[in-house]
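A.B. asks: One file is attached below, upload-v8.csv, containing CSV, C-alpha atoms and all ligand atoms.
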```csv
chain,number,residue,atom,x,y,z
A,651,MET,CA,-33.5,-51.9,11.0
A,652,VAL,CA,-32.2,-50.4,14.3
A,653,LYS,CA,-29.6,-52.7,15.9
A,654,ILE,CA,-29.7,-52.6,19.6
A,655,GLY,CA,-27.4,-53.7,22.4
A,656,ILE,CA,-28.9,-54.5,25.8
A,657,LEU,CA,-26.8,-53.5,28.9
A,658,GLY,CA,-28.3,-55.3,31.9
A,659,CYS,CA,-30.3,-58.4,31.6
A,660,GLY,CA,-32.3,-58.2,34.8
A,661,ARG,CA,-36.0,-57.4,35.3
A,662,ILE,CA,-36.2,-54.3,33.0
A,663,GLY,CA,-33.7,-55.6,30.4
A,664,GLN,CA,-36.0,-58.6,29.9
A,665,VAL,CA,-39.0,-56.3,29.4
A,666,HIS,CA,-37.2,-54.2,26.8
A,667,VAL,CA,-36.1,-57.3,24.9
A,668,ARG,CA,-39.7,-58.5,24.7
A,669,SER,CA,-40.8,-55.1,23.4
A,670,ILE,CA,-38.0,-55.0,20.8
A,671,LYS,CA,-38.9,-58.5,19.6
A,672,ALA,CA,-42.4,-57.3,18.9
A,673,LEU,CA,-41.1,-54.6,16.5
A,674,ASN,CA,-40.3,-55.2,12.8
A,675,ASN,CA,-37.9,-52.3,12.5
A,676,ALA,CA,-35.5,-53.2,15.4
A,677,GLN,CA,-33.4,-56.1,16.5
A,678,VAL,CA,-31.4,-57.0,19.6
A,679,VAL,CA,-27.9,-58.0,18.3
A,680,ALA,CA,-26.0,-58.3,21.6
A,681,VAL,CA,-26.6,-58.4,25.4
A,682,ALA,CA,-24.3,-57.9,28.4
A,683,ASP,CA,-24.7,-58.5,32.1
A,684,ALA,CA,-22.3,-58.7,35.0
A,685,VAL,CA,-23.7,-62.1,35.7
A,686,PRO,CA,-22.9,-64.5,32.8
A,687,LYS,CA,-26.0,-66.7,33.4
A,688,ALA,CA,-28.3,-63.7,33.1
A,689,ALA,CA,-26.7,-62.7,29.8
A,690,ASP,CA,-26.8,-66.3,28.4
A,691,THR,CA,-30.5,-66.6,29.2
A,692,LEU,CA,-31.5,-63.3,27.7
A,693,ALA,CA,-29.3,-63.9,24.7
A,694,ALA,CA,-31.1,-67.1,23.9
A,695,THR,CA,-34.5,-65.4,24.2
A,696,ALA,CA,-33.3,-62.6,21.9
A,697,SER,CA,-31.3,-64.8,19.5
A,698,ALA,CA,-28.4,-62.4,20.1
A,699,ARG,CA,-24.8,-62.7,21.0
A,700,VAL,CA,-23.4,-62.4,24.6
A,701,SER,CA,-20.9,-59.6,24.9
A,702,THR,CA,-19.5,-57.1,27.4
A,703,ALA,CA,-20.9,-53.6,27.9
A,704,ASP,CA,-17.6,-52.2,26.5
A,705,GLU,CA,-17.7,-54.4,23.4
A,706,ILE,CA,-21.4,-53.5,22.8
A,707,ILE,CA,-20.7,-49.8,23.0
A,708,ALA,CA,-17.7,-50.1,20.6
A,709,ALA,CA,-19.4,-52.5,18.2
A,710,ALA,CA,-19.9,-51.2,14.6
A,711,ASP,CA,-23.1,-53.2,14.2
A,712,VAL,CA,-24.8,-51.6,17.3
A,713,ASP,CA,-26.8,-48.4,16.6
A,714,ALA,CA,-28.4,-48.0,20.0
A,715,VAL,CA,-28.0,-49.2,23.6
A,716,VAL,CA,-30.7,-49.8,26.2
A,717,ILE,CA,-29.2,-49.1,29.6
A,718,GLY,CA,-31.0,-51.3,32.1
A,719,THR,CA,-28.2,-51.8,34.6
A,720,PRO,CA,-28.5,-50.5,38.2
A,721,THR,CA,-28.7,-46.7,38.5
A,722,ASP,CA,-25.2,-46.2,39.9
A,723,THR,CA,-23.7,-47.6,36.6
A,724,HIS,CA,-25.8,-45.3,34.3
A,725,PHE,CA,-23.4,-42.3,34.4
A,726,ASP,CA,-20.3,-44.1,33.0
A,727,LEU,CA,-22.4,-46.1,30.4
A,728,ILE,CA,-24.1,-42.9,29.1
A,729,HIS,CA,-20.7,-41.2,28.7
A,730,GLN,CA,-19.2,-44.1,26.9
A,731,ALA,CA,-22.2,-44.6,24.6
A,732,ALA,CA,-22.5,-40.9,23.8
A,733,ALA,CA,-18.8,-40.8,23.0
A,734,ALA,CA,-19.2,-43.8,20.7
A,735,GLY,CA,-22.2,-42.0,18.9
A,736,LYS,CA,-24.8,-44.6,20.0
A,737,ALA,CA,-28.4,-43.6,20.5
A,738,ILE,CA,-29.3,-44.2,24.2
A,739,PHE,CA,-32.4,-45.4,25.9
A,740,CYS,CA,-31.7,-45.1,29.7
A,741,GLU,CA,-33.8,-46.3,32.5
A,742,LYS,CA,-35.0,-44.0,35.2
A,743,PRO,CA,-33.6,-42.5,37.3
A,744,ILE,CA,-30.7,-41.4,35.0
A,745,ASP,CA,-28.6,-40.9,38.1
A,746,MET,CA,-29.0,-40.2,41.8
A,747,SER,CA,-27.4,-36.8,41.5
A,748,VAL,CA,-28.7,-33.8,39.6
A,749,ASP,CA,-25.2,-32.6,39.0
A,750,ASN,CA,-24.3,-35.9,37.4
A,751,ILE,CA,-27.4,-35.8,35.2
A,752,ARG,CA,-26.4,-32.3,34.0
A,753,THR,CA,-22.9,-33.7,33.1
A,754,CYS,CA,-24.6,-36.5,31.2
A,755,MET,CA,-26.8,-34.0,29.4
A,756,LYS,CA,-23.8,-32.1,28.3
A,757,ALA,CA,-22.1,-35.2,27.0
A,758,VAL,CA,-25.3,-36.3,25.1
A,759,GLU,CA,-25.8,-32.8,23.6
A,760,GLU,CA,-22.2,-32.5,22.5
A,761,ALA,CA,-22.4,-36.0,20.9
A,762,GLY,CA,-25.7,-35.1,19.3
A,763,VAL,CA,-27.1,-38.6,20.0
A,764,THR,CA,-30.8,-39.5,20.5
A,765,PHE,CA,-31.5,-40.0,24.2
A,766,MET,CA,-34.7,-41.3,25.8
A,767,THR,CA,-35.5,-41.5,29.6
A,768,GLY,CA,-37.5,-44.6,30.6
A,769,PHE,CA,-40.6,-42.9,31.9
A,770,ASN,CA,-42.8,-45.6,30.6
A,771,ARG,CA,-46.1,-44.3,32.1
A,772,ARG,CA,-46.2,-41.5,29.5
A,773,PHE,CA,-47.0,-44.3,27.0
A,774,ASP,CA,-49.8,-45.9,29.0
A,775,PRO,CA,-52.8,-45.7,26.6
A,776,ASN,CA,-55.2,-44.5,29.3
A,777,PHE,CA,-52.9,-41.8,30.7
A,778,GLY,CA,-52.1,-40.7,27.1
A,779,HIS,CA,-55.9,-40.5,26.4
A,780,LEU,CA,-56.4,-38.5,29.6
A,781,ARG,CA,-53.7,-36.0,28.6
A,782,ALA,CA,-55.1,-35.7,25.1
A,783,ARG,CA,-58.4,-34.7,26.5
A,784,ILE,CA,-56.8,-32.1,28.8
A,785,ALA,CA,-55.0,-30.7,25.7
A,786,ALA,CA,-58.3,-30.7,23.8
A,787,GLY,CA,-59.8,-28.5,26.5
A,788,ASP,CA,-62.5,-31.0,27.5
A,789,ILE,CA,-62.4,-30.0,31.1
A,790,GLY,CA,-61.2,-26.4,30.6
A,791,ALA,CA,-58.3,-25.2,32.7
A,792,VAL,CA,-56.7,-27.8,34.9
A,793,GLU,CA,-57.0,-26.9,38.6
A,794,LEU,CA,-56.2,-30.1,40.7
A,795,VAL,CA,-54.3,-33.3,39.7
A,796,SER,CA,-54.3,-36.3,42.0
A,797,ILE,CA,-51.8,-39.1,41.3
A,798,THR,CA,-52.1,-42.3,43.3
A,799,SER,CA,-49.2,-44.8,42.9
A,800,ARG,CA,-48.8,-47.7,45.4
A,801,ASP,CA,-46.8,-50.8,44.9
A,802,PRO,CA,-48.3,-54.2,45.9
A,803,ALA,CA,-45.5,-55.0,48.3
A,804,PRO,CA,-42.1,-53.5,49.3
A,805,PRO,CA,-38.9,-54.6,47.6
A,806,PRO,CA,-36.2,-56.3,49.6
A,807,VAL,CA,-34.3,-54.0,52.0
A,808,SER,CA,-31.1,-54.7,50.0
A,809,TYR,CA,-32.9,-52.9,47.1
A,810,ILE,CA,-34.1,-50.0,49.3
A,811,GLU,CA,-30.5,-49.4,50.5
A,812,ARG,CA,-29.2,-48.8,46.9
A,813,SER,CA,-32.4,-47.2,45.6
A,814,GLY,CA,-31.8,-43.5,46.6
A,815,GLY,CA,-35.0,-43.5,48.6
A,816,LEU,CA,-38.7,-43.6,47.8
A,817,PHE,CA,-38.7,-40.1,46.1
A,818,ARG,CA,-35.9,-40.9,43.7
A,819,ASP,CA,-36.7,-44.5,43.1
A,820,MET,CA,-40.5,-44.6,43.1
A,821,MET,CA,-42.1,-41.2,43.1
A,822,ILE,CA,-39.8,-40.1,40.3
A,823,HIS,CA,-42.4,-41.7,37.9
A,824,ASP,CA,-45.1,-39.6,39.5
A,825,PHE,CA,-43.1,-36.4,39.3
A,826,ASP,CA,-42.7,-37.0,35.6
A,827,MET,CA,-46.4,-37.7,35.3
A,828,ALA,CA,-47.2,-34.5,37.2
A,829,ARG,CA,-45.1,-32.5,34.7
A,830,PHE,CA,-46.6,-34.4,31.8
A,831,LEU,CA,-50.2,-33.6,32.8
A,832,MET,CA,-49.8,-30.1,34.3
A,833,GLY,CA,-48.0,-28.5,31.4
A,834,GLU,CA,-46.8,-25.7,33.8
A,835,ASP,CA,-43.7,-25.6,36.0
A,836,PHE,CA,-44.1,-26.2,39.7
A,837,VAL,CA,-42.8,-23.4,42.0
A,838,ARG,CA,-43.4,-25.0,45.5
A,839,LEU,CA,-43.2,-28.5,47.0
A,840,HIS,CA,-44.5,-29.8,50.3
A,841,ALA,CA,-43.7,-33.3,51.5
A,842,ALA,CA,-44.7,-35.7,54.2
A,843,GLY,CA,-43.3,-39.2,54.7
A,844,SER,CA,-43.7,-42.1,57.2
A,845,ASN,CA,-42.5,-45.5,57.9
A,846,LEU,CA,-45.7,-47.6,58.3
A,847,VAL,CA,-45.1,-50.7,56.1
A,848,ASP,CA,-41.9,-52.3,57.2
A,849,PRO,CA,-39.6,-51.1,60.1
A,850,ALA,CA,-36.6,-52.4,58.2
A,851,ILE,CA,-37.2,-49.8,55.6
A,852,GLY,CA,-37.1,-47.1,58.3
A,853,GLN,CA,-33.9,-48.7,59.7
A,854,ALA,CA,-32.4,-48.4,56.1
A,855,GLY,CA,-33.1,-44.6,56.3
A,856,ASP,CA,-36.1,-44.5,54.0
A,857,VAL,CA,-39.8,-43.9,54.2
A,858,ASP,CA,-42.4,-46.3,52.7
A,859,THR,CA,-45.4,-44.0,52.8
A,860,ALA,CA,-45.3,-40.5,51.4
A,861,ALA,CA,-47.4,-37.6,50.0
A,862,VAL,CA,-46.2,-34.6,48.1
A,863,ILE,CA,-48.1,-31.4,47.1
A,864,LEU,CA,-46.8,-29.4,44.2
A,865,THR,CA,-48.0,-26.0,43.3
A,866,THR,CA,-47.6,-23.9,40.1
A,867,ALA,CA,-47.1,-20.2,39.9
A,868,SER,CA,-50.8,-19.7,38.9
A,869,GLY,CA,-51.9,-21.8,41.9
A,870,LYS,CA,-52.7,-25.2,40.2
A,871,ILE,CA,-52.1,-28.0,42.6
A,872,CYS,CA,-50.9,-31.6,42.1
A,873,GLN,CA,-51.0,-34.1,45.0
A,874,ILE,CA,-49.1,-37.4,44.8
A,875,SER,CA,-49.7,-40.4,47.1
A,876,ASN,CA,-47.2,-43.2,47.3
A,877,SER,CA,-47.1,-46.4,49.4
A,878,ARG,CA,-44.8,-49.4,49.2
A,879,ARG,CA,-47.8,-51.6,50.0
A,880,ALA,CA,-51.3,-52.0,48.6
A,881,ALA,CA,-53.3,-55.1,49.6
A,882,TYR,CA,-55.4,-55.0,46.5
A,883,GLY,CA,-52.6,-55.0,43.8
A,884,TYR,CA,-50.6,-52.3,42.0
A,885,ASP,CA,-52.7,-49.1,42.6
A,886,GLN,CA,-52.2,-46.7,39.7
A,887,ARG,CA,-54.9,-44.0,39.3
A,888,ILE,CA,-55.0,-40.4,38.1
A,889,GLU,CA,-57.7,-37.8,38.5
A,890,VAL,CA,-57.7,-34.4,37.0
A,891,HIS,CA,-60.2,-31.8,38.1
A,892,GLY,CA,-60.7,-28.8,35.9
A,893,GLN,CA,-62.9,-25.7,35.4
A,894,ASN,CA,-65.6,-27.7,33.5
A,895,GLY,CA,-65.3,-31.2,34.7
A,896,MET,CA,-63.1,-34.1,35.7
A,897,LEU,CA,-61.1,-36.8,34.0
A,898,ARG,CA,-60.2,-40.0,35.8
A,899,ALA,CA,-58.1,-43.0,34.8
A,900,GLU,CA,-58.9,-46.0,37.0
A,901,ASN,CA,-56.9,-49.1,37.9
A,902,GLN,CA,-56.7,-52.0,35.4
A,903,LEU,CA,-58.0,-55.1,37.1
A,904,GLU,CA,-56.9,-58.7,36.7
A,905,THR,CA,-60.2,-59.4,35.0
A,906,THR,CA,-63.2,-57.2,34.1
A,907,VAL,CA,-65.6,-59.9,35.5
A,908,GLU,CA,-67.8,-58.6,38.3
A,909,TYR,CA,-69.4,-61.1,40.8
A,910,ALA,CA,-72.6,-60.1,42.5
A,911,THR,CA,-74.7,-61.8,45.2
A,912,SER,CA,-77.1,-60.7,47.9
A,913,ASP,CA,-73.9,-59.7,49.8
A,914,GLY,CA,-73.0,-57.1,47.1
A,915,PHE,CA,-70.7,-56.7,44.2
A,916,ARG,CA,-67.1,-58.0,44.0
A,917,ARG,CA,-64.4,-57.1,41.4
A,918,ALA,CA,-60.9,-58.6,40.9
A,919,PRO,CA,-57.7,-57.0,42.4
A,920,ALA,CA,-55.7,-54.5,40.4
A,921,GLN,CA,-53.1,-56.1,38.0
A,922,HIS,CA,-50.3,-57.2,40.2
A,923,PHE,CA,-47.3,-55.0,39.4
A,924,PHE,CA,-45.6,-52.9,36.7
A,925,LEU,CA,-44.8,-55.8,34.3
A,926,GLU,CA,-48.5,-56.5,34.0
A,927,ARG,CA,-49.9,-53.0,34.3
A,928,TYR,CA,-47.5,-51.3,32.0
A,929,GLY,CA,-46.9,-54.0,29.4
A,930,GLN,CA,-48.5,-52.0,26.6
A,931,ALA,CA,-46.7,-48.8,27.8
A,932,PHE,CA,-43.3,-50.5,27.7
A,933,GLU,CA,-44.0,-51.7,24.1
A,934,ALA,CA,-45.1,-48.2,22.9
A,935,GLU,CA,-42.2,-46.6,24.7
A,936,MET,CA,-39.6,-48.8,22.8
A,937,ALA,CA,-41.5,-48.3,19.5
A,938,SER,CA,-41.2,-44.6,20.0
A,939,PHE,CA,-37.5,-44.7,20.8
A,940,VAL,CA,-36.8,-46.9,17.7
A,941,SER,CA,-38.8,-44.5,15.4
A,942,ALA,CA,-36.9,-41.6,16.8
A,943,VAL,CA,-33.6,-43.4,16.0
A,944,THR,CA,-34.8,-44.4,12.5
A,945,GLU,CA,-36.1,-40.9,11.7
A,946,GLY,CA,-33.4,-39.0,13.5
A,947,THR,CA,-36.1,-37.0,15.4
A,948,SER,CA,-35.9,-35.7,18.9
A,949,VAL,CA,-37.5,-37.8,21.6
A,950,THR,CA,-39.8,-37.3,24.6
A,951,PRO,CA,-39.3,-37.9,27.4
A,952,GLY,CA,-35.7,-36.8,26.9
A,953,ILE,CA,-32.8,-36.2,29.3
A,954,GLN,CA,-34.2,-32.8,30.3
A,955,ASP,CA,-37.3,-34.6,31.6
A,956,GLY,CA,-35.1,-37.0,33.6
A,957,LEU,CA,-33.3,-34.0,35.0
A,958,GLN,CA,-36.5,-32.1,36.0
A,959,ALA,CA,-38.1,-35.1,37.7
A,960,GLN,CA,-34.8,-35.6,39.6
A,961,ILE,CA,-34.9,-32.0,40.7
A,962,LEU,CA,-38.4,-32.6,42.2
A,963,ALA,CA,-37.2,-35.8,43.9
A,964,ASP,CA,-34.3,-34.0,45.5
A,965,ALA,CA,-36.6,-31.2,46.6
A,966,ALA,CA,-39.0,-33.7,48.2
A,967,SER,CA,-36.2,-35.4,50.1
A,968,ALA,CA,-35.1,-31.9,51.3
A,969,ALA,CA,-38.7,-30.9,52.3
A,970,LEU,CA,-39.1,-34.1,54.2
A,971,GLU,CA,-35.9,-33.7,56.1
A,972,SER,CA,-36.4,-30.0,57.0
A,973,GLY,CA,-40.2,-30.2,57.5
A,974,GLN,CA,-40.4,-27.1,55.4
A,975,PRO,CA,-41.8,-26.5,51.9
A,976,VAL,CA,-39.2,-26.0,49.2
A,977,GLU,CA,-39.3,-23.1,46.7
A,978,LEU,CA,-38.4,-24.4,43.3
A,979,GLY,CA,-36.2,-22.3,41.0
B,1,LIG,N1,-39.2,-48.0,34.2
B,1,LIG,C1,-39.5,-48.8,35.2
B,1,LIG,O1,-40.7,-49.0,35.5
B,1,LIG,C2,-38.4,-49.6,35.8
B,1,LIG,C3,-38.8,-50.8,36.5
B,1,LIG,C4,-37.7,-51.5,37.1
B,1,LIG,C5,-36.4,-51.0,37.1
B,1,LIG,N2,-36.2,-49.8,36.5
B,1,LIG,C6,-34.8,-49.3,36.4
B,1,LIG,O2,-34.0,-50.1,35.7
B,1,LIG,C7,-32.7,-50.2,36.2
B,1,LIG,C8,-32.4,-51.7,36.5
B,1,LIG,O3,-33.4,-52.2,37.4
B,1,LIG,P1,-33.8,-53.8,37.5
B,1,LIG,O4,-34.9,-53.8,38.4
B,1,LIG,O5,-33.9,-54.3,36.1
B,1,LIG,O6,-32.5,-54.4,38.2
B,1,LIG,P2,-32.0,-55.9,38.2
B,1,LIG,O7,-31.1,-56.0,39.3
B,1,LIG,O8,-33.1,-56.9,38.0
B,1,LIG,O9,-31.1,-56.0,36.8
B,1,LIG,C9,-29.9,-55.3,36.6
B,1,LIG,C10,-28.9,-56.2,35.9
B,1,LIG,O10,-27.8,-55.4,35.6
B,1,LIG,C11,-26.6,-56.3,35.8
B,1,LIG,N3,-25.5,-55.4,35.9
B,1,LIG,C12,-25.0,-54.8,37.0
B,1,LIG,N4,-24.0,-54.0,36.7
B,1,LIG,C13,-23.7,-54.2,35.4
B,1,LIG,C14,-22.7,-53.7,34.5
B,1,LIG,N5,-21.8,-52.8,34.9
B,1,LIG,N6,-22.8,-54.1,33.2
B,1,LIG,C15,-23.7,-55.0,32.8
B,1,LIG,N7,-24.6,-55.5,33.6
B,1,LIG,C16,-24.7,-55.1,34.9
B,1,LIG,C17,-27.0,-57.1,37.0
B,1,LIG,O11,-26.2,-58.3,37.1
B,1,LIG,C18,-28.5,-57.4,36.8
B,1,LIG,O12,-28.7,-58.6,36.0
B,1,LIG,C19,-32.6,-49.3,37.5
B,1,LIG,O13,-32.1,-48.1,37.1
B,1,LIG,C20,-34.1,-49.2,37.8
B,1,LIG,O14,-34.4,-48.0,38.5
B,1,LIG,C21,-37.1,-49.1,35.8
```
Would you put the structure from the file into structure tokens?
Ligand SMILES: NC(=O)c1ccc[n+]([C@@H]2O[C@H](COP(=O)([O-])OP(=O)(O)OC[C@H]3O[C@@H](n4cnc5c(N)ncnc54)[C@H](O)[C@@H]3O)[C@@H](O)[C@H]2O)c1
C.D. replies:
Amino acid sequence: MVKIGILGCGRIGQVHVRSIKALNNAQVVAVADAVPKAADTLAATASARVSTADEIIAAADVDAVVIGTPTDTHFDLIHQAAAAGKAIFCEKPIDMSVDNIRTCMKAVEEAGVTFMTGFNRRFDPNFGHLRARIAAGDIGAVELVSITSRDPAPPPVSYIERSGGLFRDMMIHDFDMARFLMGEDFVRLHAAGSNLVDPAIGQAGDVDTAAVILTTASGKICQISNSRRAAYGYDQRIEVHGQNGMLRAENQLETTVEYATSDGFRRAPAQHFFLERYGQAFEAEMASFVSAVTEGTSVTPGIQDGLQAQILADAASAALESGQPVELG
């Protein structure tokens, strides 16, 4: 039984508690939050004690921590947890700075603890199936990958201001997916970004609409399309074009019922947002982390994956700012 401490009882902390409760080889023993009410509520749901982050990290009965606090707190918590020998599940992005992630990586490697980065989309059953078919050679060599990822509505500007920007906060998931599917390093990145959804996002210094093109050394291309708004729900699609065919993972809709009249065919909107769309993925992600802790095996996506996605996010920000493509080392 893996005993877990939850650091941060907000949106994502609650998701992870739900996933852990569904497992029979893991248990939440303690939760911590800067806001006592948030900790009390989640502790009641998890049948766990309320504690502080420091106490959880030091506790003898905690094997692993789930870091679901705001990104700017991850660096210190990772260092503390690694020094205490705890396995670490850390939400994306690990940190806003590539240098800080490298420092965390060193601490994690020196401590020899299990570390998973919260790129939940790798555990989506449809995306996993799509990748397995690429690996099986079903479409031959991959030539073009298109990743569409659009949120139903923008977050509050107060969130945008602390988010590190669209590339580090939102497209980071797509950068990881691009690496997951392409299986080849990217050597060049082009970026475009606009402020079309909410002028307040522009005033906060961010874009709300963006596209990136990534190219590998052999010329394979991945295009990513992001928007902070989609009138029809959370738009999450992937298409992979290869030498012998194409693989496509479509949106999951609120219902599969189709309504047809003489006016035509109507289908439901896409599932609203990440909690609905990636429910299964979050469960599979946590199950995978717990198995790695139990079996002492290495874990994917690890801290190196978090680092590589962040390098691409930084490159996209630089490309947008300069208006020039970025050559990736
Ligand atoms: N994988 C995903 O799809 C996904 C989705 C949402 C958020 N996230 C990531 O999860 C992290 C948290 O995001 P969220 O949306 O859950 O935020 P949130 O604001 O809903 O929750 C964060 C919680 O952490 C608490 N907190 C702040 N500082 C703390 C500290 N030092 N110790 C203990 N608790 C503290 C806050 O009071 C809050 O309750 C971010 O890094 C975010 O990028 C990932």
A.B. asks: Compile the contact shell of Val679 of chain A as an NGL selection string: residues with an atom at most 10 Å away, counting only C-alpha atoms, same-chain residues fewer than 3 positions apart removed.
C.D. replies: :A and (652-656 or 676 or 693 or 696-701 or 706 or 711-713)
A.B. asks: So what do you get for atom CA of Arg818 of chain A versus atom CA of Glu759 of chain A, distance-wise?
C.D. replies: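 So the two atoms, atom CA of Arg818 of chain A and atom CA of Glu759 of chain A, lie 23.9 Å apart.
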A.B. asks: Would you kindly return, as number ranges by chain, each protein, DNA or RNA residue with an atom no farther than 6 Å from any atom of segment 739-747 of chain A, considering all atoms listed in the file and excluding same-chain residues fewer than 6 positions away?
C.D. replies: A: 716-718, 721, 765-768
A.B. asks: Grab me every residue within 9 Å of ligand LIG 1 (chain B), counting only C-alpha atoms and all ligand atoms, and send it over as a ChimeraX atom specification.
C.D. replies: /A:656-665,681-689,702-704,717-724,727,740-745,767-771,809,813,818-820,823,924-925,928,932
A.B. asks: Can you work out which one of A:Leu692, A:Ile851, A:Leu897, A:Ser877 has the shortest atom-to-atom distance to Leu780 of chain A, counting all atoms listed in the file?
C.D. replies: A:Leu897
A.B. asks: What is the atom CA of Ala934 of chain A to atom CA of Cys754 of chain A distance in Å?
C.D. replies: 25.0 Å
A.B. asks: Considering all atoms listed in the file, can you say which of A:Gln921, A:Gln853, A:Thr691, A:Ser669 comes closest to Gln886 of chain A?
C.D. replies: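 Checking each candidate against Gln886 of chain A, we get A:Gln921 as the closest.
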A.B. asks: Would you please work out which residue, of A:Lys736, A:Arg878, A:His840, A:His922, is nearest to Ala708 of chain A when using all atoms listed in the file?
C.D. replies: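 Of all the options, A:Lys736 lies closest to Ala708 of chain A.
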A.B. asks: If we count all atoms listed in the file and set the cut-off at 10 Å, which residues sit around Asn901 of chain A, ignoring sequence neighbours fewer than 4 positions away in its own chain? Please answer as a PyMOL selection string.
C.D. replies: chain A and resi 776+798+883-888+919-921+927
A.B. asks: As lines of an AutoDock Vina configuration file, please report the centre and edge lengths, rounded to one decimal in Å, of the axis-aligned box that holds all listed atoms of segment 857-860 of chain A with 4 Å of padding on each of the six sides.
C.D. replies:
```
center_x = -42.6
center_y = -43.4
center_z = 52.8
size_x = 13.6
size_y = 13.8
size_z = 10.8
```
A.B. asks: For Pro975 of chain A, which residue among A:Val857, A:Leu839, A:Ala881, A:Ile751 is the nearest when counting all atoms listed in the file?
C.D. replies: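 Comparing A:Val857, A:Leu839, A:Ala881, A:Ile751 against Pro975 of chain A, the winner is A:Leu839.
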A.B. asks: Atom CA of Val890 of chain A and atom CA of Ala785 of chain A, how far apart in Å?
C.D. replies: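 Those two atoms sit 12.2 Å apart.
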A.B. asks: Just the residues within 8 Å of Ile863 of chain A, please, counting only C-alpha atoms, with nothing from its chain fewer than 6 positions along; format it as a ChimeraX atom specification.
C.D. replies: /A:839-841,871-874
A.B. asks: Using all atoms listed in the file, which residue out of A:Ser967, A:Thr866, A:Ser808, A:Asn675 lies closest to Ala942 of chain A?
C.D. replies: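 Answer, going by the shortest atom-to-atom distance: A:Asn675.
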A.B. asks: Rank nothing, just name the residue among A:Val715, A:Glu933, A:Ala710, A:Asp690 nearest to Val678 of chain A, using all atoms listed in the file.
C.D. replies: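 Ranked by minimum distance to Val678 of chain A, first place goes to A:Val715.
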A.B. asks: Any idea what's packed within 9 Å of Arg781 of chain A, counting all atoms listed in the file, ignoring anything in its chain fewer than 5 positions away? Could you give it as a PyMOL selection string?
C.D. replies: chain A and resi 776+786+830-831
